[in-house]
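Quick notes on the structure that follows.
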Amino acid sequence: MADLKVKIAGIKMKNPVMLASGTCGFGEEFSRIFDLNLLGGIIVKGTTLKPRAGNKPPRAAETPYGMLNSIGLQNPGVFAVINEKLPFLRQFDLPVFVNIAGNSKEEYAELARLLGNAKGVSALEVNISCPNVKHKNSGLFCQDLGDVYAITRAVKRQSRVPVFVKLSAEVSDFKETVKTAVRAGADGLSLINTLRGMAIDIKTGKPKLANIIGGLSGPAIKPVGIRAVYEAFSQVKVPIIGMGGIASAEDALEYLIAGASAVAVGTASFYDPLTPISITKGLKKYFEDKPSDSVSKIRGRISF
Amino acid sequence: MADLKVKIAGIKMKNPVMLASGTCGFGEEFSRIFDLNLLGGIIVKGTTLKPRAGNKPPRAAETPYGMLNSIGLQNPGVFAVINEKLPFLRQFDLPVFVNIAGNSKEEYAELARLLGNAKGVSALEVNISCPNVKHKNSGLFCQDLGDVYAITRAVKRQSRVPVFVKLSAEVSDFKETVKTAVRAGADGLSLINTLRGMAIDIKTGKPKLANIIGGLSGPAIKPVGIRAVYEAFSQVKVPIIGMGGIASAEDALEYLIAGASAVAVGTASFYDPLTPISITKGLKKYFEDKPSDSVSKIRGRISF
Amino acid sequence: MKKQKYNIQVFAAGVLSLKETPGGYFKMKLAASGIAKAARPGQFISLQVNASGMPLMRRPMGIFSANKGAVEILFKAAGKGTEMLSRKKQGESVSVLGPLGNGFSVREELRHAILVAGGYGVSPIAFLYEELRKRKITTTVIIGAKNKKLIFKEGFSNPIITTEDGSEGFKGLVTERLNAACAGFACGSSAVFACGPVPMLKAAAEVSEKHGIECQVSMESLMACGVGVCLSCVCAVKEGMDTGYKRICADGPVFDSREIVWRT
Amino acid sequence: MKKQKYNIQVFAAGVLSLKETPGGYFKMKLAASGIAKAARPGQFISLQVNASGMPLMRRPMGIFSANKGAVEILFKAAGKGTEMLSRKKQGESVSVLGPLGNGFSVREELRHAILVAGGYGVSPIAFLYEELRKRKITTTVIIGAKNKKLIFKEGFSNPIITTEDGSEGFKGLVTERLNAACAGFACGSSAVFACGPVPMLKAAAEVSEKHGIECQVSMESLMACGVGVCLSCVCAVKEGMDTGYKRICADGPVFDSREIVWRT
Ligand SMILES: Cc1cc2nc3c(=O)[nH]c(=O)nc-3n(C[C@H](O)[C@H](O)[C@H](O)COP(=O)(O)OP(=O)(O)OC[C@H]3O[C@@H](n4cnc5c(N)ncnc54)[C@H](O)[C@@H]3O)c2cc1C
Ligand SMILES: Cc1cc2nc3c(=O)[nH]c(=O)nc-3n(C[C@H](O)[C@H](O)[C@H](O)COP(=O)(O)OP(=O)(O)OC[C@H]3O[C@@H](n4cnc5c(N)ncnc54)[C@H](O)[C@@H]3O)c2cc1C
Ligand SMILES: Cc1cc2nc3c(=O)[nH]c(=O)nc-3n(C[C@H](O)[C@H](O)[C@H](O)COP(=O)(O)O)c2cc1C
Ligand SMILES: Cc1cc2nc3c(=O)[nH]c(=O)nc-3n(C[C@H](O)[C@H](O)[C@H](O)COP(=O)(O)O)c2cc1C
Ligand code: FES
Ligand code: FES
């Protein structure tokens with residue numbers, strides 16, 4: 001039996017297949033479809049200090065082999081997450097990454113203090129790349145190297161558990177952004193968040209999203225994700241969770257070879273909730289044929 | 001008969017449907033398939049001072065509803081373009097935009113001097129967003145606001161014809177980038193160039209492109225292009241040529257409503273060379289049903 | 001560790017039959033015994049129309065009937081997805097996810113139900129109608145459409161038909177007929193169940209509320225996941241003093257009309 | 001204004017027949033009279049395998065025959081695109097672009113042709129063979145494959161077969177047989193025409209050049225456009241003192257072997 005175990009930033013996982021933030025809630029719904037214990041890990045919905053209602057609907061649109069979303073971080077707030085959501089997840093033998101989002105460095109620090117010390121949290125994923133919330137200059141925090149440094153550092157100071165910084169590929173200097181996060185103390189990186197996009201219904205002339213602009217995800221963006229992971233791997237040594245358009249074991253392998261230590265499934269879970277399970281099966285099969293090989297060995301193993 | 005005439009930066013076009021740079025050569029090949037006179041305009045292959053052999057093959061890869069390319073600006077150089085390519089295009093009643101690419105501000109200026117005054121050139125499209133050539137810090141010129149300003153200004157000083165600056169959406173501050181180009185004198189914008197991406201053949205472990213990283217184009221990136229055009233239109237008044245994933249009259253209308261004054265077809269011409277013709281037909285049909293409406297009237301007409 | 005109950009299935013369901021019906025619908029019968037056993041009226045399933053992934057999202061469809069190992073749906077070829085679905089052949093298979101959503105809730109005390117259907121809303125209403133008949137609850141059925149050609153009334157006995165152009169039944173919208181029905185049955189043991197376009201639901205809600213009758217409306221939205229994880233399908237609801245959002249796929253699609261914040 | 005000649009067509013071609021053949025190929029016959037009339041051996045067409053746009057790119061296919069308004073291709077179900085193509089039904093249509101490429105060039109003085117085919121390279125070689133027969137040019141045909149099962153030899157009279165495992169004909173690669181053939185026909189009025197995997201083409205080039213015989217090789221590459229506009233399909237060629245790139249789709253697919261810079 002091929003062994004798919006990996007260890008990222010000290011966290012042991014049964015396999016490298018995780019669920020991406022915002023595409024699996026807090027695990028409850030998918031637990032009605034498959035056994036969450038089969039997952040390598042789960043990254044729960046972006047959590048904010050206060051409960052957030054999220055953006056006005058419509059919040060999603062279908063695009064060529066992808067989708068746009070502008071959920072706007074609807075979530076019950078950090079206290080409900082700690083008191084109601086984490087206890088549910090503690091029933092499973094499953095590393096839990098909590099994705100956090102704030103409006104300021106201080107909010108990120110406070111979230112890190114609360115969640116980075118909470119029971120049942122294996123790691124924090126710091127979302128500084130959400131296109132669905134308005135930051136100071138209506139951009140993403142990760143588009144400003146100063147913010148990347150300051151927020152990562154503030155979170156790192158408060159958190160007992162490893163800190164993964166989640167970045168977007170929509171930056172002018174991606175390699176520098178990656179290095180800045182690691183210099184500030186990031187234990188790992190999550191790559192990539194959605195790309196900012198938009199769609200218009202030509203019949204009504206209205207944007208398909210009430211929020212006008214949203215985040216593009218799904219198979220369409222896979223080449224951008226692969227490129228980001230490859231570039232990050234060439235710059236820094238920390239583990240990378242690769243994501244963006246993963247829908248099959250082949251896609252997962254492509255990310256691992258590009259330099260990911262683990263992968264997360266997002267949009268593909270919507271059209272096939274069993275995607276993570278079939279990916280794990282596919283990886284098992286792949287490594288069964290190559291007993292001397294392993295998930296960690298193929299990391300970054302590109303032939304030129 | 002619906003009238004599709006448009007005028008952008010003083011250039012009169014029969015219709016708003018152009019061919020995008022690098023996806024139509026210098027017109028010769030497509031002239032064997034359809035009448036180039038049916039086009040609104042043509043934007044020819046990126047032209048450099050010296051002839052360029054381009055990158056090593058393989059130079060293209062298929063991706064989910066898109067493709068990667070790393071042609072690397074193979075072209076015969078500015079003198080061959082002036083002496084051999086432009087005379088061919090002068091046979092047609094067709095605005096010709098010449099896409100120029102340099103390694104420095106000085107090269108762009110020289111190209112603008114030569115082409116911006118050459119017979120049969122209607123406008124220059126300044127490619128400062130090509131992911132397939134190495135610039136100083138291996139990034140794109142358009143990722144540096146200083147370069148955007150300096151190159152645009154240098155080109156503008158030399159060119160007798162209108163100057164369109166072609167940008168990528170892969171920048172940290174897109175609105176500022178757009179404003180910088182216009183402040184420096186751009187008469188129009190071309191949005192968007194490809195997104196940097198990568199694909200790996202998991203069987204061989206090799207990148208699918210010899211150049212490793214290439215540019216992502218095709219339907220997959222349409223939402224990013226629509227967003228870029230919308231954001232640019234909200235910032236500046238100059239005409240915008242919208243491109244990125246246009247494959248149908250509906251796609252073209254989506255770009256026009258987002259704020260484009262004209263559109264260019266790229267990747268779709270590869271799988272269906274008649275795409276520009278069917279788009280023009282589709283637009284005619286659309287406006288026939290709405291006699292009081294026109295291409296220029298629907299520009300930017302989003303209902304909120 | 002808690003014993004989990006896997007009560008949402010996803011699998012390739014065989015197409016047992018596909019027929020065109022009056023009203024311009026397609027009726028598709030799928031082999032789906034697990035879903036057939038569990039399904040309640042008002043629940044839905046979500047279908048992948050093309051294994052190649054284009055279109056990307058599943059298409060949600062109300063359950064029309066659930067019997068003997070098979071589930072039926074009734075759909076319009078409205079766009080590219082449903083168009084593709086309408087061209088499936090008997091013997092092919094379609095990936096199905098379900099049963100999804102809460103379904104209508106039929107109180108113990110219910111004695112008379114007023115069912116209001118518009119467009120393909122007639123599909124879950126037909127399932128509910130069967131269920132109510134089994135439970136010996138009397139019904140008034142009101143079916144509205146633009147014109148005669150768009151009417152599907154199979155299986156209902158003596159439905160009240162309203163058409164906007166008067167080509168069948170009463171001329172006009174369902175509102176007036178519903179008003180009359182509510183006037184006749186305004187008491188705690190009746191309820192209105194409505195499924196159709198939002199303006200119809202809103203009107204049904206207003207009429208029912210005016211008469212003080214409970215009204216359950218089945219809402220709809222584009223759905224990316226259908227199971228409650230993506231938060232894309234929400235509708236605005238009154239939450240205490242605030243407006244919040246609930247997921248149509250998982251908290252709905254059926255809501256008490258008084259909960260909904262109708263958008264104008 | 002110059003009168004333009006539109007000599008590349010793009011249209012929906014009806015599938016007249018589709019059969020499996022020896023060697024594990026599919027032979028598809030398409031209604032394409034314009035292409036059939038214009039096509040020369042060594043040219044190809046490019047097919048859109050799925051109208052939904054997945055896969056995105058057309059698939060290039062050598063022309064196997066061009067007769068009476070129909071064009072035939074011979075293909076392997078190698079990956080997802082050709083797999084889909086192999087499931088087309090008679091009566092369906094496929095968008096076809098062509099004829100594309102330069103084709104083999106047969107000099108006036110040619111008296112004897114040595115044809116070398118590997119894999120689906122046999123398809124354009126078969127078309128060339130027919131053409132040469134019509135022109136009364138004698139031929140030596142050498143077909144190589146891994147094993148007997150992969151051999152397609154329909155229509156050739158007395159081809160020389162080589163298989164890597166010796167299951168049919170000579171054991172080994174085509175090289176040795178080609179060497180013998182070249183030794184027998186080494187003069188200015190013979191030429192070698194090769195189509196198959198790159199290592200085979202390279203070997204054919206080396207052998208021919210050693211014997212001083214002209215050798216035309218048909219190259220291949222992934223092709224985004226097929227018509228010469230995208231520059232994605234290039235191969236390295238000697239250009240004076242330099243190495244340059246030529247487009248396989250438009251400048252080729254057939255090249256004089258001495259022009260090619262073989263990549264190791
Ligand atoms: C809970 C629920 C139950 C439904 N039950 C039925 C049913 O029983 N019979 C039936 O015919 N239809 C039903 N629908 C609607 C059906 O899902 C849509 O008509 C279908 O998704 C349209 O897909 P398409 O590809 O054909 O259309 P598209 O080409 O995608 O779009 C056509 C139109 O449909 C709208 N649309 C697209 N996707 C959805 C979606 N997921 N939900 C709602 N509207 C959408 C678009 O905005 C557009 O106006 C139901 C929808 C929901 C949410
Ligand atoms: C000029 C020319 C003529 C050809 N003639 C024939 C023919 O007569 N019969 C035949 O069976 N095949 C022919 N081919 C090859 C055929 O085009 C490919 O096998 C086909 O494109 C693979 O598509 P797929 O989707 O099945 O494979 P994929 O799933 O895309 O890939 C399977 C394998 O094929 C390779 N491949 C993918 N696309 C191409 C492409 N456009 N060209 C070459 N290789 C590719 C991939 O790298 C991969 O190794 C020809 C190719 C060229 C360039
Ligand atoms: C509906 C939706 C909601 C998302 N919410 C979040 C979120 O709350 N926090 C976050 O960091 N990323 C969020 N993402 C981004 C995903 O985690 C992931 O980075 C992205 O979708 C790319 O992966 P995919 O292509 O597999 O979906 C969301 C994505 C989608 C589609
Ligand atoms: C093969 C290929 C070559 C290209 N070459 C150039 C180029 O030389 N100069 C340039 O500015 N853009 C070039 N582009 C980018 C296109 O002009 C266009 O901006 C981009 O492909 C998005 O449009 P599309 O999705 O319709 O292809 C090229 C694109 C492709 C696919
Ligand atoms: S569709 Fe995803 S939450 Fe309802
Ligand atoms: S495939 Fe485009 S130039 Fe050859």
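A note on labels: chains of the structure tokens are A, B, ... as shown, every chain counts residues from 1, and ligands are counted from 1 in their shown order.
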
Could you write out as a PDB file with N, CA and C atoms, in the first residue's frame the residues of chain D within 12 Å of chain A, counting only C-alpha atoms?
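Listed below is the output, selection_28.pdb:
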```
ATOM      1  N   SER D  52     -17.940  21.990 -28.196  1.00  0.00           N
ATOM      2  CA  SER D  52     -18.041  22.722 -26.930  1.00  0.00           C
ATOM      3  C   SER D  52     -16.732  23.405 -26.577  1.00  0.00           C
ATOM      4  N   GLY D  53     -15.675  23.155 -27.355  1.00  0.00           N
ATOM      5  CA  GLY D  53     -14.424  23.852 -27.099  1.00  0.00           C
ATOM      6  C   GLY D  53     -13.488  23.144 -26.130  1.00  0.00           C
ATOM      7  N   MET D  54     -13.819  21.945 -25.738  1.00  0.00           N
ATOM      8  CA  MET D  54     -12.938  21.152 -24.874  1.00  0.00           C
ATOM      9  C   MET D  54     -12.663  19.832 -25.574  1.00  0.00           C
ATOM     10  N   PRO D  55     -11.477  19.489 -26.015  1.00  0.00           N
ATOM     11  CA  PRO D  55     -10.277  20.329 -25.935  1.00  0.00           C
ATOM     12  C   PRO D  55     -10.349  21.543 -26.843  1.00  0.00           C
ATOM     13  N   LEU D  56      -9.548  22.526 -26.520  1.00  0.00           N
ATOM     14  CA  LEU D  56      -9.599  23.809 -27.205  1.00  0.00           C
ATOM     15  C   LEU D  56      -9.008  23.748 -28.601  1.00  0.00           C
TER      16      LEU D  56
END
```

What does the list of residues within 7 Å of ligand 2 look like if you count only C-alpha atoms and all ligand atoms, written as a PyMOL selection string? chain D and resi 44+59-63+73-83+120-121+123-124+219-223+249+253

Would you mind exporting the chosen residues as a tab-separated table (two decimals), in the first residue's frame, restricted to N, CA and C atoms?
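Produced file selection-v5.tsv, reproduced below:
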```tsv
chain	number	residue	atom	x	y	z
D	44	PHE	N	-2.07	18.16	-44.74
D	44	PHE	CA	-2.90	17.66	-43.65
D	44	PHE	C	-4.13	18.54	-43.47
D	59	ARG	N	-7.01	19.25	-33.85
D	59	ARG	CA	-6.03	18.18	-33.94
D	59	ARG	C	-5.64	17.99	-35.40
D	60	PRO	N	-4.35	18.11	-35.71
D	60	PRO	CA	-3.89	17.94	-37.09
D	60	PRO	C	-3.81	16.46	-37.47
D	61	MET	N	-4.19	16.15	-38.69
D	61	MET	CA	-4.20	14.77	-39.19
D	61	MET	C	-3.75	14.75	-40.65
D	62	GLY	N	-2.79	13.92	-40.94
D	62	GLY	CA	-2.33	13.75	-42.31
D	62	GLY	C	-3.47	13.25	-43.20
D	63	ILE	N	-3.41	13.59	-44.48
D	63	ILE	CA	-4.44	13.12	-45.42
D	63	ILE	C	-4.03	11.75	-45.94
D	73	ILE	N	-8.83	10.17	-43.32
D	73	ILE	CA	-7.71	10.25	-42.40
D	73	ILE	C	-7.60	8.91	-41.68
D	74	LEU	N	-6.42	8.67	-41.12
D	74	LEU	CA	-6.16	7.43	-40.40
D	74	LEU	C	-5.57	7.87	-39.07
D	75	PHE	N	-6.20	7.52	-37.97
D	75	PHE	CA	-5.64	8.02	-36.72
D	75	PHE	C	-5.71	7.01	-35.58
D	76	LYS	N	-4.83	7.22	-34.62
D	76	LYS	CA	-4.79	6.47	-33.38
D	76	LYS	C	-5.57	7.22	-32.33
D	77	ALA	N	-6.31	6.51	-31.50
D	77	ALA	CA	-6.94	7.16	-30.34
D	77	ALA	C	-5.86	7.28	-29.26
D	78	ALA	N	-5.06	8.35	-29.39
D	78	ALA	CA	-3.85	8.49	-28.57
D	78	ALA	C	-4.13	9.18	-27.25
D	79	GLY	N	-5.04	10.11	-27.25
D	79	GLY	CA	-5.33	10.89	-26.05
D	79	GLY	C	-6.77	11.30	-26.07
D	80	LYS	N	-7.13	12.28	-25.25
D	80	LYS	CA	-8.55	12.63	-25.11
D	80	LYS	C	-9.18	13.14	-26.41
D	81	GLY	N	-8.42	13.89	-27.19
D	81	GLY	CA	-8.99	14.46	-28.41
D	81	GLY	C	-9.28	13.39	-29.45
D	82	THR	N	-8.29	12.57	-29.75
D	82	THR	CA	-8.48	11.53	-30.74
D	82	THR	C	-9.47	10.48	-30.23
D	83	GLU	N	-9.51	10.29	-28.94
D	83	GLU	CA	-10.51	9.40	-28.33
D	83	GLU	C	-11.92	9.87	-28.69
D	120	TYR	N	1.55	6.37	-37.37
D	120	TYR	CA	0.54	6.92	-38.28
D	120	TYR	C	1.17	7.67	-39.45
D	121	GLY	N	2.50	7.72	-39.47
D	121	GLY	CA	3.20	8.25	-40.64
D	121	GLY	C	2.81	7.49	-41.91
D	123	SER	N	-0.01	7.06	-42.96
D	123	SER	CA	-1.17	7.68	-43.59
D	123	SER	C	-0.77	8.59	-44.77
D	124	PRO	N	0.03	9.64	-44.54
D	124	PRO	CA	0.44	10.45	-45.70
D	124	PRO	C	1.29	9.66	-46.69
D	219	MET	N	7.64	16.46	-40.57
D	219	MET	CA	7.84	16.71	-39.14
D	219	MET	C	6.49	16.87	-38.43
D	220	GLU	N	6.51	16.80	-37.10
D	220	GLU	CA	5.27	17.12	-36.40
D	220	GLU	C	5.50	17.85	-35.09
D	221	SER	N	4.45	18.43	-34.60
D	221	SER	CA	4.52	19.23	-33.39
D	221	SER	C	3.09	19.51	-32.97
D	222	LEU	N	2.92	19.86	-31.73
D	222	LEU	CA	1.64	20.38	-31.32
D	222	LEU	C	1.38	21.65	-32.13
D	223	MET	N	0.17	21.83	-32.59
D	223	MET	CA	-0.15	23.00	-33.41
D	223	MET	C	-1.33	23.75	-32.85
D	249	CYS	N	3.71	23.79	-39.62
D	249	CYS	CA	2.38	23.77	-40.26
D	249	CYS	C	2.37	24.46	-41.62
D	253	PRO	N	4.59	20.51	-43.44
D	253	PRO	CA	5.36	19.68	-42.51
D	253	PRO	C	6.55	18.99	-43.17
```

Test item: residues no farther than 7 Å from ligand 4, counting only C-alpha atoms and all ligand atoms, as a ChimeraX atom specification: /B:20-23,45-46,68-69,71,73,99,127,129-130,166,191-194,217-219,221-222,243-246,264-268 /D:230-232

Give me the residues within 7 Å of Lys238 of chain D as an MDAnalysis selection string, counting only C-alpha atoms and dropping any in the same chain fewer than 6 places off. chainID D and resid 244 259:261

Distance query segment 106-110 of chain C at most 12 Å, only C-alpha atoms, self and fewer than 3 positions along chain excluded, as a VMD selection string: chain C and resid 40 to 42 102 to 103 113 to 114 128 to 129 131 to 132 135 to 139 185 187 to 193 213 to 216 254 256

Please dump the current selection as a PDB file, in the first residue's frame; keep N, CA and C atoms.
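Okay, this is what ended up in result07.pdb:
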```pdb
ATOM      1  N   ARG C  40     -38.098  13.887  -0.088  1.00  0.00           N
ATOM      2  CA  ARG C  40     -39.350  14.502   0.369  1.00  0.00           C
ATOM      3  C   ARG C  40     -39.751  15.587  -0.633  1.00  0.00           C
ATOM      4  N   PRO C  41     -41.034  15.870  -0.777  1.00  0.00           N
ATOM      5  CA  PRO C  41     -41.469  16.913  -1.704  1.00  0.00           C
ATOM      6  C   PRO C  41     -40.820  18.257  -1.371  1.00  0.00           C
ATOM      7  N   GLY C  42     -40.334  18.931  -2.417  1.00  0.00           N
ATOM      8  CA  GLY C  42     -39.684  20.230  -2.226  1.00  0.00           C
ATOM      9  C   GLY C  42     -38.175  20.112  -2.218  1.00  0.00           C
ATOM     10  N   ASN C 102     -34.303  21.245   2.139  1.00  0.00           N
ATOM     11  CA  ASN C 102     -35.157  20.853   3.260  1.00  0.00           C
ATOM     12  C   ASN C 102     -36.495  20.241   2.833  1.00  0.00           C
ATOM     13  N   GLY C 103     -37.053  20.728   1.746  1.00  0.00           N
ATOM     14  CA  GLY C 103     -38.384  20.261   1.353  1.00  0.00           C
ATOM     15  C   GLY C 103     -39.479  21.007   2.105  1.00  0.00           C
ATOM     16  N   ALA C 113     -54.521  22.226   1.814  1.00  0.00           N
ATOM     17  CA  ALA C 113     -53.349  22.893   1.251  1.00  0.00           C
ATOM     18  C   ALA C 113     -53.712  23.599  -0.029  1.00  0.00           C
ATOM     19  N   ILE C 114     -53.247  24.853  -0.159  1.00  0.00           N
ATOM     20  CA  ILE C 114     -53.431  25.570  -1.417  1.00  0.00           C
ATOM     21  C   ILE C 114     -52.077  25.553  -2.119  1.00  0.00           C
ATOM     22  N   LEU C 128     -45.487  17.201  -4.107  1.00  0.00           N
ATOM     23  CA  LEU C 128     -46.163  17.525  -2.851  1.00  0.00           C
ATOM     24  C   LEU C 128     -47.632  17.095  -2.922  1.00  0.00           C
ATOM     25  N   TYR C 129     -48.254  17.327  -4.047  1.00  0.00           N
ATOM     26  CA  TYR C 129     -49.668  16.987  -4.272  1.00  0.00           C
ATOM     27  C   TYR C 129     -49.897  15.485  -4.031  1.00  0.00           C
ATOM     28  N   GLU C 131     -48.065  13.450  -2.273  1.00  0.00           N
ATOM     29  CA  GLU C 131     -47.841  13.200  -0.850  1.00  0.00           C
ATOM     30  C   GLU C 131     -49.067  13.595  -0.020  1.00  0.00           C
ATOM     31  N   LEU C 132     -49.643  14.753  -0.343  1.00  0.00           N
ATOM     32  CA  LEU C 132     -50.802  15.233   0.407  1.00  0.00           C
ATOM     33  C   LEU C 132     -51.998  14.319   0.193  1.00  0.00           C
ATOM     34  N   ARG C 135     -51.758  11.438   2.294  1.00  0.00           N
ATOM     35  CA  ARG C 135     -52.062  11.770   3.682  1.00  0.00           C
ATOM     36  C   ARG C 135     -53.484  12.303   3.839  1.00  0.00           C
ATOM     37  N   LYS C 136     -54.286  12.179   2.766  1.00  0.00           N
ATOM     38  CA  LYS C 136     -55.701  12.571   2.794  1.00  0.00           C
ATOM     39  C   LYS C 136     -55.907  14.033   3.162  1.00  0.00           C
ATOM     40  N   ILE C 137     -54.972  14.871   2.748  1.00  0.00           N
ATOM     41  CA  ILE C 137     -55.134  16.304   2.962  1.00  0.00           C
ATOM     42  C   ILE C 137     -55.708  16.885   1.675  1.00  0.00           C
ATOM     43  N   THR C 138     -56.794  17.628   1.805  1.00  0.00           N
ATOM     44  CA  THR C 138     -57.421  18.161   0.596  1.00  0.00           C
ATOM     45  C   THR C 138     -56.591  19.314   0.034  1.00  0.00           C
ATOM     46  N   THR C 139     -56.756  19.551  -1.267  1.00  0.00           N
ATOM     47  CA  THR C 139     -55.922  20.565  -1.910  1.00  0.00           C
ATOM     48  C   THR C 139     -56.723  21.440  -2.863  1.00  0.00           C
ATOM     49  N   PHE C 185     -60.416  29.412   2.812  1.00  0.00           N
ATOM     50  CA  PHE C 185     -59.770  28.463   3.732  1.00  0.00           C
ATOM     51  C   PHE C 185     -58.932  29.133   4.818  1.00  0.00           C
ATOM     52  N   CYS C 187     -57.749  29.622   7.828  1.00  0.00           N
ATOM     53  CA  CYS C 187     -57.765  29.142   9.207  1.00  0.00           C
ATOM     54  C   CYS C 187     -56.448  28.454   9.503  1.00  0.00           C
ATOM     55  N   GLY C 188     -56.222  28.141  10.714  1.00  0.00           N
ATOM     56  CA  GLY C 188     -54.936  27.590  11.160  1.00  0.00           C
ATOM     57  C   GLY C 188     -54.622  26.228  10.586  1.00  0.00           C
ATOM     58  N   SER C 189     -55.616  25.534  10.059  1.00  0.00           N
ATOM     59  CA  SER C 189     -55.315  24.208   9.539  1.00  0.00           C
ATOM     60  C   SER C 189     -55.116  24.198   8.032  1.00  0.00           C
ATOM     61  N   SER C 190     -54.980  25.415   7.421  1.00  0.00           N
ATOM     62  CA  SER C 190     -54.623  25.448   6.006  1.00  0.00           C
ATOM     63  C   SER C 190     -53.251  26.097   5.842  1.00  0.00           C
ATOM     64  N   ALA C 191     -52.695  25.896   4.648  1.00  0.00           N
ATOM     65  CA  ALA C 191     -51.416  26.533   4.336  1.00  0.00           C
ATOM     66  C   ALA C 191     -51.288  26.657   2.836  1.00  0.00           C
ATOM     67  N   VAL C 192     -50.476  27.651   2.427  1.00  0.00           N
ATOM     68  CA  VAL C 192     -50.187  27.843   1.009  1.00  0.00           C
ATOM     69  C   VAL C 192     -48.769  27.326   0.743  1.00  0.00           C
ATOM     70  N   PHE C 193     -48.617  26.634  -0.357  1.00  0.00           N
ATOM     71  CA  PHE C 193     -47.295  26.153  -0.770  1.00  0.00           C
ATOM     72  C   PHE C 193     -47.058  26.673  -2.180  1.00  0.00           C
ATOM     73  N   ILE C 213     -52.682  33.208   6.623  1.00  0.00           N
ATOM     74  CA  ILE C 213     -52.420  31.790   6.370  1.00  0.00           C
ATOM     75  C   ILE C 213     -50.924  31.583   6.209  1.00  0.00           C
ATOM     76  N   GLU C 214     -50.443  30.525   6.768  1.00  0.00           N
ATOM     77  CA  GLU C 214     -49.048  30.153   6.600  1.00  0.00           C
ATOM     78  C   GLU C 214     -48.744  29.996   5.106  1.00  0.00           C
ATOM     79  N   CYS C 215     -47.570  30.465   4.701  1.00  0.00           N
ATOM     80  CA  CYS C 215     -47.199  30.314   3.295  1.00  0.00           C
ATOM     81  C   CYS C 215     -45.745  29.849   3.202  1.00  0.00           C
ATOM     82  N   GLN C 216     -45.544  28.728   2.534  1.00  0.00           N
ATOM     83  CA  GLN C 216     -44.192  28.251   2.303  1.00  0.00           C
ATOM     84  C   GLN C 216     -43.826  28.507   0.852  1.00  0.00           C
ATOM     85  N   VAL C 254     -37.128  25.726   0.644  1.00  0.00           N
ATOM     86  CA  VAL C 254     -38.439  26.147   1.127  1.00  0.00           C
ATOM     87  C   VAL C 254     -38.280  26.993   2.385  1.00  0.00           C
ATOM     88  N   ASP C 256     -40.420  29.811   5.149  1.00  0.00           N
ATOM     89  CA  ASP C 256     -41.649  30.459   5.578  1.00  0.00           C
ATOM     90  C   ASP C 256     -41.635  31.849   4.952  1.00  0.00           C
TER      91      ASP C 256
END
```

Give me the residues near Lys56 of chain A as a ChimeraX atom specification, where near means some atom within 9 Å (using only C-alpha atoms) and where sequence neighbours in that chain fewer than 2 positions away do not count. /A:53-54,58-59,70-72,209-211 /C:234-236,245

Any idea which chain A residues end up within 9 Å of chain B if we count only C-alpha atoms, as number ranges by chain please? A: 63-68, 139-140, 142-144, 169-173, 195-202, 204-207, 210, 212-213, 216, 219-228, 230, 245, 250-251, 253-255, 257-258, 301-304

Backbone-only DSSP, strand (DSSP E) members of segment 159-221 of chain D, as a list in words: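 Written out, the strand (DSSP E) residues of segment 159-221 of chain D are Ile160, Ile161, Thr162, Thr163, Phe170, Lys171, Ser190, Ala191, Val192, Phe193, Ala194, Cys195, Glu214, Cys215, Gln216, Val217 and Ser218 of chain D.
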
Contact residues around Thr175 of chain C with only C-alpha atoms at 12 Å, ignoring same-chain residues under 6 positions, as a ChimeraX atom specification: /C:116-118,142-144,160-164,181-182,194,199-208

Give me, as a list in words, all polymer residues having an atom no more than 10 Å from Leu150 of chain D, counting only C-alpha atoms and skipping those fewer than 2 positions away in the same chain.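 Near Leu150 of chain D, the qualifying residues are Pro22, Gly23, Gly24, Tyr25, Gly118, Gly119, Tyr120, Gly144, Ala145, Lys146, Asn147, Lys148, Phe152, Lys153 and Thr163 of chain D.
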
Step one, run DSSP on the backbone; step two, keep only residues of segment 45-104 of chain B assigned to alpha helix (DSSP H); then write them as a list in words.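 For segment 45-104 of chain B, the alpha helix (DSSP H) set is Val78, Phe79, Ala80, Leu86, Pro87, Phe88 and Leu89 of chain B.
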